[in-house]
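J.: Quick one, structure_2.cif (mmCIF, C-alpha atoms and all ligand atoms):
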data_run
#
loop_
_atom_site.label_atom_id
_atom_site.label_comp_id
_atom_site.auth_asym_id
_atom_site.auth_seq_id
_atom_site.Cartn_x
_atom_site.Cartn_y
_atom_site.Cartn_z
CA MET S 54 30.71 -4.81 -36.96
CA PRO S 55 31.46 -8.54 -36.46
CA ALA S 56 28.41 -10.77 -36.92
CA ALA S 57 28.34 -11.79 -33.23
CA ASN S 58 28.28 -8.18 -31.97
CA ARG S 59 25.73 -7.17 -34.52
CA HIS S 60 23.54 -9.98 -33.22
CA VAL S 61 23.84 -8.66 -29.60
CA GLY S 62 23.03 -5.16 -30.85
CA GLU S 63 19.99 -6.43 -32.69
CA ILE S 64 18.63 -8.09 -29.56
CA ARG S 65 19.13 -5.10 -27.27
CA THR S 66 18.16 -2.11 -29.43
CA PRO S 67 14.48 -2.87 -30.18
CA SER S 68 13.31 -2.61 -26.55
CA THR S 69 14.34 1.06 -26.31
CA ALA S 70 14.20 2.05 -29.99
CA LEU S 71 10.62 0.77 -30.39
CA GLY S 72 9.04 2.48 -27.38
CA GLY S 73 11.12 1.44 -24.40
CA VAL S 74 11.10 -1.50 -22.00
CA THR S 75 7.68 -2.86 -21.00
CA VAL S 76 7.00 -5.00 -17.94
CA ARG S 77 3.73 -6.77 -17.14
CA VAL S 78 2.87 -7.16 -13.45
CA PRO S 79 -0.03 -9.09 -11.87
CA ALA S 80 -2.52 -8.12 -9.19
CA LYS S 81 -2.80 -10.20 -6.02
CA VAL S 82 -5.55 -11.60 -3.88
CA ASN S 83 -4.87 -12.67 -0.29
CA LEU S 84 -6.01 -16.26 0.23
CA GLN S 85 -5.30 -15.95 3.95
CA LEU S 86 -4.59 -12.67 5.71
CA ALA S 87 -3.92 -13.32 9.41
CA VAL S 88 -3.21 -10.06 11.22
CA GLY S 89 -1.34 -10.05 14.53
CA PRO S 90 -1.34 -7.30 17.16
CA LEU S 91 -0.27 -3.73 16.31
CA ARG S 92 3.54 -3.41 16.53
CA GLU S 93 5.42 -0.44 17.94
CA ASP S 94 6.47 0.66 14.44
CA GLY S 95 2.80 0.99 13.35
CA TYR S 96 2.77 -2.23 11.31
CA HIS S 97 1.18 -5.61 12.08
CA ASP S 98 2.90 -8.98 11.89
CA LEU S 99 1.12 -11.04 9.27
CA VAL S 100 0.72 -14.44 7.82
CA ASN S 101 -0.17 -13.31 4.33
CA VAL S 102 -0.84 -15.94 1.67
CA PHE S 103 -0.45 -14.03 -1.59
CA HIS S 104 -1.77 -15.38 -4.89
CA ALA S 105 -0.95 -13.62 -8.19
CA VAL S 106 -3.87 -13.39 -10.64
CA SER S 107 -4.15 -12.54 -14.31
CA LEU S 108 -5.15 -8.89 -14.02
CA PHE S 109 -2.09 -6.99 -15.18
CA ASP S 110 -0.74 -3.45 -15.13
CA GLU S 111 1.95 -2.63 -17.69
CA VAL S 112 4.84 -0.28 -16.97
CA THR S 113 6.91 1.06 -19.86
CA ALA S 114 10.19 2.90 -19.22
CA THR S 115 11.73 4.97 -22.03
CA GLU S 116 14.63 7.37 -22.41
CA PRO S 117 13.27 10.85 -21.50
CA ALA S 118 11.72 12.73 -24.41
CA ASP S 119 12.23 16.16 -22.79
CA PRO S 120 15.72 16.70 -21.36
CA GLY S 121 14.37 19.66 -19.32
CA ALA S 122 11.81 17.52 -17.39
CA GLY S 123 12.53 15.91 -14.01
CA PRO S 124 14.70 12.79 -13.91
CA ILE S 125 11.66 10.49 -13.61
CA THR S 126 8.31 11.45 -15.19
CA VAL S 127 5.11 9.39 -15.17
CA LYS S 128 1.89 9.18 -17.20
CA VAL S 129 -1.01 6.89 -16.29
CA LEU S 130 -3.67 5.48 -18.63
CA GLY S 131 -6.58 3.09 -18.08
CA GLU S 132 -8.62 1.94 -15.07
CA SER S 133 -9.24 4.91 -12.69
CA ALA S 134 -6.04 6.58 -14.00
CA ASP S 135 -7.19 9.99 -12.74
CA GLU S 136 -7.03 8.69 -9.13
CA VAL S 137 -3.32 7.84 -9.36
CA PRO S 138 -0.88 10.51 -8.11
CA LEU S 139 1.54 11.76 -10.80
CA GLY S 140 4.29 13.28 -8.66
CA GLU S 141 6.74 11.97 -6.08
CA ASP S 142 3.89 10.03 -4.40
CA ASN S 143 3.54 7.69 -7.36
CA LEU S 144 4.92 4.35 -6.24
CA ALA S 145 6.49 3.66 -9.64
CA VAL S 146 8.35 6.99 -9.51
CA ARG S 147 9.52 6.20 -5.97
CA ALA S 148 10.69 2.79 -7.17
CA ALA S 149 12.67 4.20 -10.10
CA LYS S 150 14.32 6.75 -7.81
CA ALA S 151 15.15 4.10 -5.20
CA LEU S 152 16.73 1.95 -7.92
CA ALA S 153 18.81 4.89 -9.21
CA ALA S 154 19.92 5.66 -5.64
CA ALA S 155 20.90 2.02 -5.07
CA ALA S 156 22.92 2.13 -8.31
CA GLY S 157 24.64 5.27 -7.01
CA ARG S 158 23.81 7.88 -9.64
CA THR S 159 21.06 9.93 -11.27
CA TYR S 160 19.34 8.11 -14.07
CA ARG S 161 16.47 9.45 -16.16
CA ALA S 162 13.33 7.74 -17.46
CA ASP S 163 9.82 8.47 -18.65
CA LEU S 164 7.37 5.94 -17.18
CA LEU S 165 4.02 5.06 -18.77
CA ILE S 166 1.63 2.98 -16.65
CA ARG S 167 -1.30 1.22 -18.28
CA LYS S 168 -3.64 0.29 -15.44
CA THR S 169 -6.06 -2.61 -15.33
CA ILE S 170 -5.74 -3.31 -11.59
CA PRO S 171 -8.31 -1.28 -9.61
CA VAL S 172 -6.82 1.68 -7.73
CA ALA S 173 -6.99 1.42 -3.91
CA GLY S 174 -8.89 -1.84 -4.48
CA GLY S 175 -6.97 -4.22 -2.19
CA MET S 176 -5.25 -5.86 -5.18
CA ALA S 177 -1.85 -4.15 -4.78
CA GLY S 178 -1.93 -2.17 -8.03
CA GLY S 179 0.46 0.50 -6.75
CA SER S 180 2.84 -2.21 -5.55
CA ALA S 181 2.60 -3.86 -8.98
CA ASP S 182 3.55 -0.57 -10.66
CA ALA S 183 6.51 -0.16 -8.28
CA ALA S 184 7.72 -3.69 -9.08
CA GLY S 185 7.22 -3.01 -12.79
CA ALA S 186 9.28 0.19 -12.62
CA LEU S 187 12.10 -1.65 -10.83
CA VAL S 188 12.31 -4.35 -13.52
CA ALA S 189 11.82 -1.91 -16.44
CA CYS S 190 14.42 0.63 -15.24
CA ASN S 191 16.91 -2.12 -14.31
CA GLU S 192 16.70 -3.14 -17.98
CA LEU S 193 16.52 0.35 -19.53
CA TRP S 194 19.55 1.54 -17.57
CA GLY S 195 21.45 -1.72 -18.19
CA LEU S 196 22.10 -2.18 -14.46
CA GLY S 197 21.74 -5.95 -14.48
CA LEU S 198 20.85 -6.09 -10.76
CA PRO S 199 19.79 -9.62 -9.76
CA ARG S 200 16.25 -10.28 -8.48
CA GLU S 201 17.51 -10.56 -4.84
CA ASP S 202 18.74 -6.95 -4.99
CA LEU S 203 15.45 -5.78 -6.52
CA MET S 204 13.60 -7.68 -3.74
CA GLU S 205 15.48 -5.69 -1.07
CA ILE S 206 14.67 -2.34 -2.69
CA ALA S 207 11.07 -3.55 -3.12
CA ALA S 208 10.66 -4.32 0.60
CA ASP S 209 11.62 -0.74 1.49
CA LEU S 210 9.01 0.62 -0.92
CA GLY S 211 6.06 -1.28 0.59
CA SER S 212 5.12 -4.56 2.25
CA ASP S 213 3.39 -5.92 -0.89
CA VAL S 214 6.02 -4.90 -3.47
CA PRO S 215 8.32 -7.98 -3.14
CA PHE S 216 5.42 -10.30 -3.94
CA ALA S 217 4.61 -8.38 -7.14
CA LEU S 218 8.16 -9.25 -8.27
CA LEU S 219 7.89 -12.90 -7.21
CA GLY S 220 4.35 -13.84 -8.31
CA GLY S 221 2.90 -17.34 -8.07
CA THR S 222 1.57 -18.18 -4.62
CA ALA S 223 3.68 -17.37 -1.57
CA ILE S 224 3.42 -16.93 2.17
CA GLY S 225 4.53 -13.55 3.50
CA THR S 226 5.57 -13.05 7.11
CA GLY S 227 6.85 -10.01 9.02
CA ARG S 228 5.03 -7.05 7.43
CA GLY S 229 4.30 -9.43 4.54
CA GLU S 230 7.63 -8.73 2.82
CA ARG S 231 9.48 -11.93 3.86
CA LEU S 232 8.37 -14.43 1.24
CA THR S 233 8.43 -18.20 0.92
CA PRO S 234 7.03 -19.59 -2.36
CA LEU S 235 4.27 -22.20 -1.91
CA GLU S 236 3.75 -25.34 -3.90
CA THR S 237 0.37 -25.43 -5.64
CA SER S 238 -1.38 -27.68 -8.15
CA GLY S 239 -3.46 -26.60 -11.11
CA THR S 240 -5.16 -23.34 -11.91
CA PHE S 241 -7.84 -21.60 -9.87
CA HIS S 242 -10.61 -19.56 -11.52
CA TRP S 243 -11.56 -16.24 -9.96
CA VAL S 244 -14.09 -13.45 -10.31
CA PHE S 245 -13.33 -9.99 -8.94
CA ALA S 246 -16.20 -7.62 -8.22
CA LEU S 247 -14.81 -4.10 -8.53
CA ALA S 248 -16.41 -1.50 -6.26
CA GLU S 249 -17.08 2.20 -6.66
CA GLY S 250 -14.28 4.11 -4.92
CA GLY S 251 -11.40 2.68 -2.92
CA LEU S 252 -10.38 1.98 0.66
CA SER S 253 -7.22 3.34 2.28
CA THR S 254 -5.02 0.50 3.57
CA PRO S 255 -3.88 2.34 6.78
CA ARG S 256 -7.51 3.23 7.50
CA VAL S 257 -8.62 -0.42 7.23
CA TYR S 258 -5.79 -1.60 9.54
CA GLY S 259 -6.80 1.20 11.95
CA GLU S 260 -10.43 0.07 11.86
CA CYS S 261 -9.29 -3.52 12.52
CA ASP S 262 -7.42 -2.32 15.66
CA ARG S 263 -10.44 -0.28 16.76
CA LEU S 264 -12.88 -3.21 16.39
CA ARG S 265 -10.48 -5.50 18.26
CA ALA S 266 -10.03 -3.00 21.10
CA ALA S 267 -13.83 -2.63 21.36
CA ALA S 268 -14.24 -6.42 21.53
CA GLU S 269 -11.63 -6.60 24.32
CA ALA S 270 -10.50 -10.00 23.07
CA GLY S 271 -6.81 -10.93 22.89
CA VAL S 272 -5.17 -10.97 19.45
CA PRO S 273 -3.30 -14.21 18.78
CA GLU S 274 -0.04 -14.38 16.83
CA PRO S 275 -0.87 -15.04 13.17
CA ALA S 276 -0.51 -18.64 12.00
CA ALA S 277 -0.82 -20.31 8.62
CA SER S 278 -3.98 -22.32 7.95
CA GLU S 279 -3.10 -26.00 7.37
CA PRO S 280 -6.36 -26.73 5.47
CA LEU S 281 -5.58 -23.81 3.15
CA LEU S 282 -2.01 -24.98 2.47
CA ALA S 283 -3.25 -28.55 1.84
CA ALA S 284 -5.92 -27.29 -0.58
CA LEU S 285 -3.27 -25.35 -2.51
CA ARG S 286 -0.94 -28.37 -2.64
CA THR S 287 -3.63 -30.66 -4.01
CA GLY S 288 -5.38 -28.07 -6.18
CA ASP S 289 -8.70 -28.70 -4.40
CA ALA S 290 -10.82 -25.65 -5.27
CA GLU S 291 -13.73 -26.62 -2.99
CA ALA S 292 -11.42 -26.96 0.03
CA LEU S 293 -9.64 -23.72 -0.90
CA GLY S 294 -12.99 -21.92 -1.10
CA ARG S 295 -13.86 -23.10 2.43
CA ALA S 296 -10.42 -22.10 3.80
CA LEU S 297 -10.24 -18.52 2.44
CA ALA S 298 -9.84 -16.16 5.43
CA ASN S 299 -9.21 -12.44 5.84
CA ASP S 300 -8.81 -10.80 9.26
CA LEU S 301 -9.25 -7.37 7.61
CA GLN S 302 -12.69 -8.32 6.28
CA PRO S 303 -14.70 -7.19 9.35
CA ALA S 304 -12.91 -3.83 9.20
CA ALA S 305 -13.51 -3.43 5.45
CA LEU S 306 -17.21 -4.33 5.98
CA SER S 307 -17.45 -1.90 8.89
CA LEU S 308 -16.20 0.91 6.60
CA ARG S 309 -18.16 -0.33 3.56
CA PRO S 310 -21.27 -2.22 4.77
CA ASP S 311 -22.52 -2.45 1.16
CA LEU S 312 -19.85 -5.09 0.46
CA ALA S 313 -21.82 -7.66 2.51
CA ARG S 314 -24.44 -7.63 -0.25
CA THR S 315 -21.79 -8.25 -2.90
CA LEU S 316 -20.35 -11.22 -0.97
CA ASP S 317 -23.82 -12.66 -0.35
CA ALA S 318 -24.71 -12.35 -4.05
CA GLY S 319 -21.58 -14.30 -5.08
CA ARG S 320 -22.29 -17.04 -2.51
CA ALA S 321 -25.90 -17.30 -3.71
CA LEU S 322 -24.60 -17.72 -7.27
CA GLY S 323 -22.57 -20.75 -6.22
CA ALA S 324 -19.08 -19.32 -5.59
CA LEU S 325 -16.89 -21.85 -3.75
CA GLY S 326 -15.56 -19.01 -1.60
CA ALA S 327 -16.29 -15.30 -1.23
CA ILE S 328 -13.92 -12.87 0.44
CA VAL S 329 -12.85 -9.23 0.53
CA SER S 330 -9.49 -8.95 -1.28
CA GLY S 331 -6.93 -7.66 1.24
CA SER S 332 -7.99 -4.25 2.53
CA GLY S 333 -10.84 -4.12 -0.04
CA PRO S 334 -13.18 -2.96 -1.41
CA THR S 335 -12.74 -5.47 -4.28
CA CYS S 336 -14.50 -8.77 -3.52
CA ALA S 337 -12.99 -12.05 -4.74
CA PHE S 338 -15.00 -15.17 -5.63
CA LEU S 339 -13.57 -18.60 -6.33
CA ALA S 340 -15.35 -20.39 -9.16
CA ARG S 341 -15.51 -24.09 -10.08
CA SER S 342 -14.24 -23.59 -13.65
CA GLY S 343 -13.58 -20.97 -16.31
CA GLU S 344 -17.19 -21.30 -17.53
CA HIS S 345 -18.54 -20.92 -14.01
CA ALA S 346 -16.35 -17.82 -13.51
CA ALA S 347 -17.67 -16.22 -16.72
CA GLU S 348 -21.27 -16.91 -15.69
CA LEU S 349 -20.67 -15.64 -12.16
CA ALA S 350 -19.07 -12.42 -13.47
CA THR S 351 -21.97 -11.71 -15.84
CA ARG S 352 -24.60 -12.37 -13.18
CA LEU S 353 -22.80 -10.33 -10.51
CA ALA S 354 -22.42 -7.37 -12.87
CA ASP S 355 -26.11 -7.66 -13.93
CA SER S 356 -27.31 -7.81 -10.32
CA GLY S 357 -25.98 -4.31 -9.61
CA VAL S 358 -23.99 -5.29 -6.51
CA CYS S 359 -20.71 -4.01 -7.98
CA ARG S 360 -19.31 -1.50 -10.48
CA SER S 361 -18.10 -4.29 -12.77
CA ALA S 362 -16.91 -7.89 -12.52
CA VAL S 363 -13.88 -9.43 -14.20
CA THR S 364 -12.55 -12.99 -14.43
CA ALA S 365 -8.95 -14.04 -13.85
CA VAL S 366 -6.88 -17.15 -13.20
CA GLY S 367 -4.14 -17.80 -10.69
CA PRO S 368 -1.39 -18.41 -9.99
CA VAL S 369 0.50 -16.41 -12.64
CA GLU S 370 4.13 -15.26 -12.78
CA GLY S 371 5.36 -12.03 -11.18
CA ALA S 372 6.76 -8.92 -12.91
CA ALA S 373 8.13 -9.98 -16.31
CA LEU S 374 9.56 -8.19 -19.34
CA VAL S 375 7.24 -8.14 -22.33
CA PRO S 376 9.36 -9.32 -25.28
C1 LIG Z 1 -3.46 -5.11 3.28
C2 LIG Z 1 -2.41 -5.60 2.32
C3 LIG Z 1 -2.55 -7.13 2.19
O1 LIG Z 1 -1.65 -7.67 1.26
O2 LIG Z 1 -2.51 -5.05 0.99
P1 LIG Z 1 -3.74 -4.30 0.24
O3 LIG Z 1 -4.91 -5.24 0.34
O4 LIG Z 1 -4.01 -3.00 0.89
O5 LIG Z 1 -3.29 -4.15 -1.18
C4 LIG Z 1 -0.99 -5.26 2.81
O6 LIG Z 1 -0.76 -5.70 4.12
C5 LIG Z 1 -0.67 -3.77 2.70
O7 LIG Z 1 0.58 -3.67 2.13
P2 LIG Z 1 1.10 -2.28 1.50
O8 LIG Z 1 -0.02 -1.60 0.78
O9 LIG Z 1 2.35 -2.57 0.74
O10 LIG Z 1 1.37 -1.47 2.80
P3 LIG Z 1 2.59 -0.53 3.24
O11 LIG Z 1 2.76 0.53 2.21
O12 LIG Z 1 3.77 -1.36 3.63
O13 LIG Z 1 1.98 0.10 4.56
C6 LIG Z 1 0.89 1.02 4.52
C7 LIG Z 1 0.25 1.06 5.88
O14 LIG Z 1 -0.52 -0.15 6.08
C8 LIG Z 1 -0.42 -0.57 7.43
N1 LIG Z 1 0.22 -1.90 7.48
C9 LIG Z 1 0.80 -2.45 6.37
C10 LIG Z 1 1.37 -3.70 6.43
C11 LIG Z 1 1.36 -4.38 7.66
N2 LIG Z 1 1.93 -5.59 7.77
N3 LIG Z 1 0.79 -3.84 8.76
C12 LIG Z 1 0.20 -2.61 8.67
O15 LIG Z 1 -0.33 -2.13 9.67
C13 LIG Z 1 0.39 0.48 8.16
O16 LIG Z 1 -0.53 1.44 8.66
C14 LIG Z 1 1.23 1.12 7.04
O17 LIG Z 1 1.61 2.44 7.32
N1 LIG Z 2 1.15 3.65 -9.43
C1 LIG Z 2 0.13 3.70 -8.58
N2 LIG Z 2 -1.01 3.04 -8.86
C2 LIG Z 2 -2.04 3.06 -7.98
N3 LIG Z 2 -2.04 3.76 -6.83
C3 LIG Z 2 -0.94 4.43 -6.51
C4 LIG Z 2 0.19 4.42 -7.36
N4 LIG Z 2 1.13 5.14 -6.78
C5 LIG Z 2 0.62 5.59 -5.63
N5 LIG Z 2 -0.63 5.18 -5.45
C6 LIG Z 2 -1.47 5.47 -4.27
O1 LIG Z 2 -1.53 4.28 -3.50
C7 LIG Z 2 -2.84 4.09 -2.97
C8 LIG Z 2 -3.08 2.57 -2.85
O2 LIG Z 2 -3.20 2.08 -4.13
P1 LIG Z 2 -3.26 0.56 -4.59
O3 LIG Z 2 -1.94 -0.07 -4.46
O4 LIG Z 2 -3.90 0.59 -5.94
O5 LIG Z 2 -4.31 -0.06 -3.60
P2 LIG Z 2 -4.26 -1.16 -2.45
O6 LIG Z 2 -3.20 -0.72 -1.47
O7 LIG Z 2 -5.63 -1.13 -1.88
O8 LIG Z 2 -3.96 -2.45 -3.09
C9 LIG Z 2 -3.78 4.81 -3.94
O9 LIG Z 2 -4.82 5.43 -3.26
C10 LIG Z 2 -2.92 5.85 -4.62
O10 LIG Z 2 -3.13 7.13 -4.07
#
Let me see the file written as structure tokens.

T.:
Amino acid sequence: MPAANRHVGEIRTPSTALGGVTVRVPAKVNLQLAVGPLREDGYHDLVNVFHAVSLFDEVTATEPADPGAGPITVKVLGESADEVPLGEDNLAVRAAKALAAAAGRTYRADLLIRKTIPVAGGMAGGSADAAGALVACNELWGLGLPREDLMEIAADLGSDVPFALLGGTAIGTGRGERLTPLETSGTFHWVFALAEGGLSTPRVYGECDRLRAAAEAGVPEPAASEPLLAALRTGDAEALGRALANDLQPAALSLRPDLARTLDAGRALGALGAIVSGSGPTCAFLARSGEHAAELATRLADSGVCRSAVTAVGPVEGAALVP
């Protein structure tokens, strides 16, 4: 084999020969989640300011070990793995199948998901796994589809999936799937208080509609918060803390009143901002520094107001191959 070809071969073979293609995908927190009125298709128009944080799931795609198994198999390890569906309902399986369909043939892969992102926690772990499967299978199958094509497949899989591919900080409109990256300065330090159990996203949107109907107040069209965008541009953590806003928070608190105690505890410990992450039940706290985040996490966990507390930074990049 000529030296140049051998070099190409040497670069490409290790990813599959040594245990497949692995992709690391971040969780998200919503810095602003403005929810418009219920649409006829059952969705809500949003202004959704997504922020990718350094809690990662890993998705590994390998050539199938058992030729008799289904075209796409999945195993899940880690954080609340037993709560993740293993069949056709698994978002990573759906993503791999959608990618194969877009490529126009049946491809096979075994998927292994290592979870760190809490399941049904309002941090888009399932969406992260779907984005990870898209990137991993695109590589494993040598399809070479550009990111724009993966973004289109992602939007059909779920409103949050395109952002898991993009990462960083971005504003999502429509269902949340139409993304514009946002300019930010510096790094923000976060603490996430993980709760016992999860919350169903459709149920939280439903509760939001119910509370709004009961209040008989009009629902304005969602609009981006200028103070929030300015705080992101300048990297002003105190201003960002004040500007955090989540229209789903009253609904999440209505379904899980215990979360009010968690938020109060974080505020009392000096968090710059305290908010339910997306549809919850994870609570997000903005800290002043890495040291403050570590102290906040320890004290929150010790105070018994959550199952556990973890620190993270943001923004971080979206779904990326692990070399
Ligand atoms: C609330 C958010 C905030 O980022 O995420 P989570 O906090 O749950 O992770 C998202 O809007 C969730 O996005 P995702 O989880 O991808 O939802 P999808 O699969 O697209 O939709 C699930 C269901 O949520 C409701 N839904 C979702 C998006 C939207 N703009 N309006 C809605 O009403 C609908 O009932 C829909 O049937
Ligand atoms: N790979 C996956 N990881 C996590 N949840 C998944 C996955 N595939 C499907 N699900 C289902 O999606 C639901 C929402 O999960 P998740 O994305 O973790 O939460 P959220 O929508 O609150 O951010 C879970 O209850 C689970 O049944």

J.: List as JSON lines every residue of chain S that is in contact with ligand LIG 2 (chain Z), defined as an atom at most 9 Å from one of its atoms (using only C-alpha atoms and all ligand atoms), together with the nearest atom pair and the distance in Å rounded to one decimal, sorted by chain and then rising number.

T.:
{"residue": "S:Ala80", "atom": "CA", "partner": "Z:LIG2", "partner_atom": "O8", "distance": 8.5}
{"residue": "S:Lys81", "atom": "CA", "partner": "Z:LIG2", "partner_atom": "O8", "distance": 8.4}
{"residue": "S:Val129", "atom": "CA", "partner": "Z:LIG2", "partner_atom": "N1", "distance": 7.9}
{"residue": "S:Ser133", "atom": "CA", "partner": "Z:LIG2", "partner_atom": "C2", "distance": 8.8}
{"residue": "S:Ala134", "atom": "CA", "partner": "Z:LIG2", "partner_atom": "N2", "distance": 8.0}
{"residue": "S:Glu136", "atom": "CA", "partner": "Z:LIG2", "partner_atom": "O10", "distance": 6.6}
{"residue": "S:Val137", "atom": "CA", "partner": "Z:LIG2", "partner_atom": "N3", "distance": 5.0}
{"residue": "S:Pro138", "atom": "CA", "partner": "Z:LIG2", "partner_atom": "C5", "distance": 5.7}
{"residue": "S:Leu139", "atom": "CA", "partner": "Z:LIG2", "partner_atom": "N4", "distance": 7.8}
{"residue": "S:Gly140", "atom": "CA", "partner": "Z:LIG2", "partner_atom": "N4", "distance": 8.9}
{"residue": "S:Glu141", "atom": "CA", "partner": "Z:LIG2", "partner_atom": "C5", "distance": 8.9}
{"residue": "S:Asp142", "atom": "CA", "partner": "Z:LIG2", "partner_atom": "C5", "distance": 5.6}
{"residue": "S:Asn143", "atom": "CA", "partner": "Z:LIG2", "partner_atom": "N4", "distance": 3.6}
{"residue": "S:Leu144", "atom": "CA", "partner": "Z:LIG2", "partner_atom": "N4", "distance": 3.9}
{"residue": "S:Ala145", "atom": "CA", "partner": "Z:LIG2", "partner_atom": "N1", "distance": 5.3}
{"residue": "S:Val146", "atom": "CA", "partner": "Z:LIG2", "partner_atom": "N1", "distance": 7.9}
{"residue": "S:Arg147", "atom": "CA", "partner": "Z:LIG2", "partner_atom": "N4", "distance": 8.5}
{"residue": "S:Ile166", "atom": "CA", "partner": "Z:LIG2", "partner_atom": "N1", "distance": 7.3}
{"residue": "S:Lys168", "atom": "CA", "partner": "Z:LIG2", "partner_atom": "N2", "distance": 7.6}
{"residue": "S:Ile170", "atom": "CA", "partner": "Z:LIG2", "partner_atom": "O4", "distance": 7.1}
{"residue": "S:Pro171", "atom": "CA", "partner": "Z:LIG2", "partner_atom": "O4", "distance": 6.0}
{"residue": "S:Val172", "atom": "CA", "partner": "Z:LIG2", "partner_atom": "O4", "distance": 3.6}
{"residue": "S:Ala173", "atom": "CA", "partner": "Z:LIG2", "partner_atom": "O5", "distance": 3.1}
{"residue": "S:Gly174", "atom": "CA", "partner": "Z:LIG2", "partner_atom": "O7", "distance": 4.2}
{"residue": "S:Gly175", "atom": "CA", "partner": "Z:LIG2", "partner_atom": "O7", "distance": 3.4}
{"residue": "S:Met176", "atom": "CA", "partner": "Z:LIG2", "partner_atom": "O8", "distance": 4.2}
{"residue": "S:Ala177", "atom": "CA", "partner": "Z:LIG2", "partner_atom": "O8", "distance": 3.2}
{"residue": "S:Gly178", "atom": "CA", "partner": "Z:LIG2", "partner_atom": "O4", "distance": 4.0}
{"residue": "S:Gly179", "atom": "CA", "partner": "Z:LIG2", "partner_atom": "O3", "distance": 3.4}
{"residue": "S:Ser180", "atom": "CA", "partner": "Z:LIG2", "partner_atom": "O3", "distance": 5.3}
{"residue": "S:Ala181", "atom": "CA", "partner": "Z:LIG2", "partner_atom": "O3", "distance": 7.4}
{"residue": "S:Asp182", "atom": "CA", "partner": "Z:LIG2", "partner_atom": "N1", "distance": 5.0}
{"residue": "S:Ala183", "atom": "CA", "partner": "Z:LIG2", "partner_atom": "N1", "distance": 6.7}
{"residue": "S:Asp213", "atom": "CA", "partner": "Z:LIG2", "partner_atom": "O6", "distance": 8.4}
{"residue": "S:Gly251", "atom": "CA", "partner": "Z:LIG2", "partner_atom": "O7", "distance": 7.0}
{"residue": "S:Leu252", "atom": "CA", "partner": "Z:LIG2", "partner_atom": "O7", "distance": 6.2}
{"residue": "S:Ser253", "atom": "CA", "partner": "Z:LIG2", "partner_atom": "O7", "distance": 6.3}
{"residue": "S:Thr254", "atom": "CA", "partner": "Z:LIG2", "partner_atom": "O6", "distance": 5.5}
{"residue": "S:Pro255", "atom": "CA", "partner": "Z:LIG2", "partner_atom": "O6", "distance": 8.8}
{"residue": "S:Ser330", "atom": "CA", "partner": "Z:LIG2", "partner_atom": "O8", "distance": 8.7}
{"residue": "S:Gly331", "atom": "CA", "partner": "Z:LIG2", "partner_atom": "O7", "distance": 7.4}
{"residue": "S:Ser332", "atom": "CA", "partner": "Z:LIG2", "partner_atom": "O7", "distance": 5.9}
{"residue": "S:Gly333", "atom": "CA", "partner": "Z:LIG2", "partner_atom": "O7", "distance": 6.3}
{"residue": "S:Pro334", "atom": "CA", "partner": "Z:LIG2", "partner_atom": "O7", "distance": 7.8}
{"residue": "S:Thr335", "atom": "CA", "partner": "Z:LIG2", "partner_atom": "O7", "distance": 8.7}

J.: Could you check the closest approach to ligand LIG 1 (chain Z) for each of S:Ala155, S:Leu86, S:Val112, S:Ala246 and tell me which residue wins, using all atoms listed in the file?

T.: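 Using all atoms listed in the file, ligand LIG 1 (chain Z) sits closest to S:Leu86.
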
J.: Would you mind listing what lies within 12 Å of Leu91 (chain S) as a short mmCIF file (atom, residue, chain, number, x, y, z; two decimals) with C-alpha atoms, keeping the file's coordinate frame, with all atoms listed in the file counted and same-chain residues fewer than 4 positions away left out?

T.:
data_model
loop_
_atom_site.label_atom_id
_atom_site.label_comp_id
_atom_site.auth_asym_id
_atom_site.auth_seq_id
_atom_site.Cartn_x
_atom_site.Cartn_y
_atom_site.Cartn_z
CA GLY S 95 2.80 0.99 13.35
CA TYR S 96 2.77 -2.23 11.31
CA HIS S 97 1.18 -5.61 12.08
CA ASP S 98 2.90 -8.98 11.89
CA LEU S 99 1.12 -11.04 9.27
CA GLY S 227 6.85 -10.01 9.02
CA ARG S 228 5.03 -7.05 7.43
CA PRO S 255 -3.88 2.34 6.78
CA TYR S 258 -5.79 -1.60 9.54
CA GLY S 259 -6.80 1.20 11.95
CA GLU S 260 -10.43 0.07 11.86
CA CYS S 261 -9.29 -3.52 12.52
CA ASP S 262 -7.42 -2.32 15.66
CA ARG S 263 -10.44 -0.28 16.76
CA ARG S 265 -10.48 -5.50 18.26
CA ALA S 266 -10.03 -3.00 21.10
CA GLY S 271 -6.81 -10.93 22.89
CA VAL S 272 -5.17 -10.97 19.45
CA PRO S 273 -3.30 -14.21 18.78
CA GLU S 274 -0.04 -14.38 16.83
CA PRO S 275 -0.87 -15.04 13.17
#

J.: How many Å separate CA of His242 (chain S) from CA of Pro303 (chain S)?

T.: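 So the answer is 24.6 Å.
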
J.: What separation in Å, quoted to one decimal, exists between CA of Leu285 (chain S) and atom C10 of ligand LIG 1 (chain Z)?

T.: 23.9 Å
